[in-house]
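Asker: First, the structure itself, so that you have it in front of you.
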Amino acid sequence: MSDLTPQSETPTPTTDKITQAARETIYLCNFRVSVDGEWLCLRELNDISLTPDPELDHEDPKDPIAIERLNLMNMAKLSIKGLIESALNLGRTLDSDYAPLQQFFVVMEHCLKHGLKSKKTFLGQNKSFWGPLELVEKLTPEAGEITASVKDLPGLRTPLGRGRAWLRLALMQKKLSDYMKTIINRKDLLSEFYEPNALMMEEEGAVIAGLLVGLNVIDANLCMKGEDLDSQVVVIDFSMYLKDGGHSSKSAEGDGQITAILDQKNYVEELNRHLSASVNNLQAKVDALEKSNTKLTEELAVANNRIITLQEDVERVKEESSFQQESRKASSADGQVLGETRKQLREETQLRLDVERELEVQIGMKQEMELSMKMLEKDICEKQDALVELRQQLEDLRAINQQLSHKSQSADLSSKQKSEAIARLEEKISQMSGTVNQLENR
């Protein structure tokens with residue numbers, strides 16, 4: 001915290017560095033908090049003057065509301081970035097006791113409370129961000145499950161506690177960014193709950209919603225039954241983001257490897273979604289083929305019954321024909337009846353042949369459908385095997401990420417030891433130089 005001490009008027013490298021970082025400056029009470037990479041450096045406002053940001057010329061640089069919005073946006077940026085990096089280095093599912101995760105919820109609560117209108121009740125004025133969060137259920141039907149779960153949680157009696165529980169459930173479902181974008185895009189509805197210059201009504205709210213997309217790479221399992229969300233005290237811990245003189249940032253190579261691993265994980269997840277969609281489509285096709293097969297089986301049974309009926313008719317016609325042949329000798333008038341009977345016999349024979357051809361066609365179609373069903377089953381098995389392999393690769397990537405983290409920590413420790421050895425050697429050299437000078441003087 002040496003940065004909090006008053007500085008002299010003589011320019012220093014630190015002063016020049018802060019002056020160059022003026023665009024990323026946020027304000028906190030009587031201090032300016034400069035963003036230096038992923039850390040904060042505090043200085044009193046009277047110690048150094050900065051040139052105004054050209055991008056903020058349209059706003060009053062002394063406007064406290066604009067300063068609060070900029071402050072909250074930068075704190076949200078640092079909180080999200082620190083949470084993602086620490087979660088990836090941790091390499092496991094986050095729980096409710098994880099400090100960076102707790103600070104993230106604290107910052108999000110401050111962002112949602114900024115510019116919130118007070119509602120008068122019989123107990124006095126009340127400010128709660130539960131009202132805007134309830135709008136998500138109306139704009140996105142799939143969010144109704146979260147709202148119903150929050151209302152069913154035991155021990156929650158205040159709107160503030162429900163809002164905190166909603167944020168945690170949305171993070172666990174990896175939908176927090178989508179829901180925030182949904183309500184931010186409907187400023188006509190938010191105007192009922194927020195002042196016109198609130199963070200959620202300005203472009204800083206959209207920026208924070210975009211930053212929340214990065215939280216989809218982490219997994220969290222939060223237990224909210226034991227937490228007293230109604231009476232929890234929310235205070236931003238700036239010590240987690242202040243620069244420490246003994247801190248050394250990660251190497252560019254480690255950042256590049258982590259980025260590559262994240263890209264591979266996103267690719268595997270996207271491929272997994274595509275495979276799931278393909279499996280669903282194939283399953284739908286199989287169901288359709290099964291229905292078609294059932295229908296063809298019923299038609300085949302009807303055709304068989306018709307063939308049996310025709311065979312019975314043919315036998316009856318034959319019997320009638322033989323009887324007519326015997327009675328033809330008795331009367332010549334029966335010749336006309338016999339001709340009609342033969343004609344009917346030929347028609348029935350032709351009808352039987354047509355039915356047999358139709359039966360053959362139906363049997364061929366059934367065989368083709370059975371072959372296509374076998375091919376679809378084989379394709380589904382192959383896709384499932386590929387999905388198992390991709391999951392195994394994802395586990396391997398996570399193991400590699402952990403190894404890289406351990407190597408980075410060991411490299412930092414080795415660098416620190418070498419720096420201490422160099423300092424000791426330089427001290428010995430200075431002592432020897434003094435001794436040599438004394439000897440030369442003597």
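In the structure tokens, each chain is lettered A, B, ... as it comes, each chain's residues begin at 1, and ligands are numbered from 1 in order of appearance.
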Identify, on the basis of only C-alpha atoms, every residue whose closest approach to range 361-370 of chain A does not exceed 8 Å; exclude the query and any residue fewer than 6 positions from it along the same chain; express the result as a PyMOL selection string.
Answerer: chain A and resi 289+293+296+300
Asker: Let me see the file: selected residues, C-alpha atoms, as a PDB file, in the first residue's frame.
Answerer:
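Below is the file that was written, result_30.pdb:
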ATOM      1  CA  LEU A 289     -39.324 -45.595 -39.756  1.00  0.00           C
ATOM      2  CA  ASN A 293     -42.909 -50.286 -40.643  1.00  0.00           C
ATOM      3  CA  LEU A 296     -46.748 -51.563 -43.719  1.00  0.00           C
ATOM      4  CA  LEU A 300     -49.466 -56.697 -45.383  1.00  0.00           C
TER       5      LEU A 300
END
Asker: DSSP says strand (DSSP E or B) for which residues of range 79-304 of chain A? Put them as a PyMOL selection string?
Answerer: chain A and resi 94+116+119-121+124-126+194+220+242
Asker: For Leu90 in chain A, list every protein, DNA or RNA residue within 12 Å, evaluated using only C-alpha atoms, and leave out those in the same chain fewer than 2 positions away; present the list as a PyMOL selection string.
Answerer: chain A and resi 82-88+92-95+98+100+218-219+398-399+401-406
Asker: Figure out the distance between CA of Asn221 in chain A and CA of Met200 in chain A, please, to one decimal in Å.
Answerer: 27.5 Å
Asker: Which residue gives the smallest distance to Leu176 in chain A among A:Asn216, A:Thr349, A:Gln409, A:Thr435, with only C-alpha atoms counted?
Answerer: A:Asn216
Asker: Can you measure CA of Ser322 in chain A to CA of Gly339 in chain A for me? One decimal in Å is fine.
Answerer: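 Value for the CA of Ser322 in chain A-CA of Gly339 in chain A distance: 12.6 Å.
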Asker: Skip Arg186 in chain A itself and residues of its chain fewer than 3 positions away, then list as a ChimeraX atom specification all residues within 10 Å of it, counting only C-alpha atoms.
Answerer: /A:135,139,181-183,189-191,201
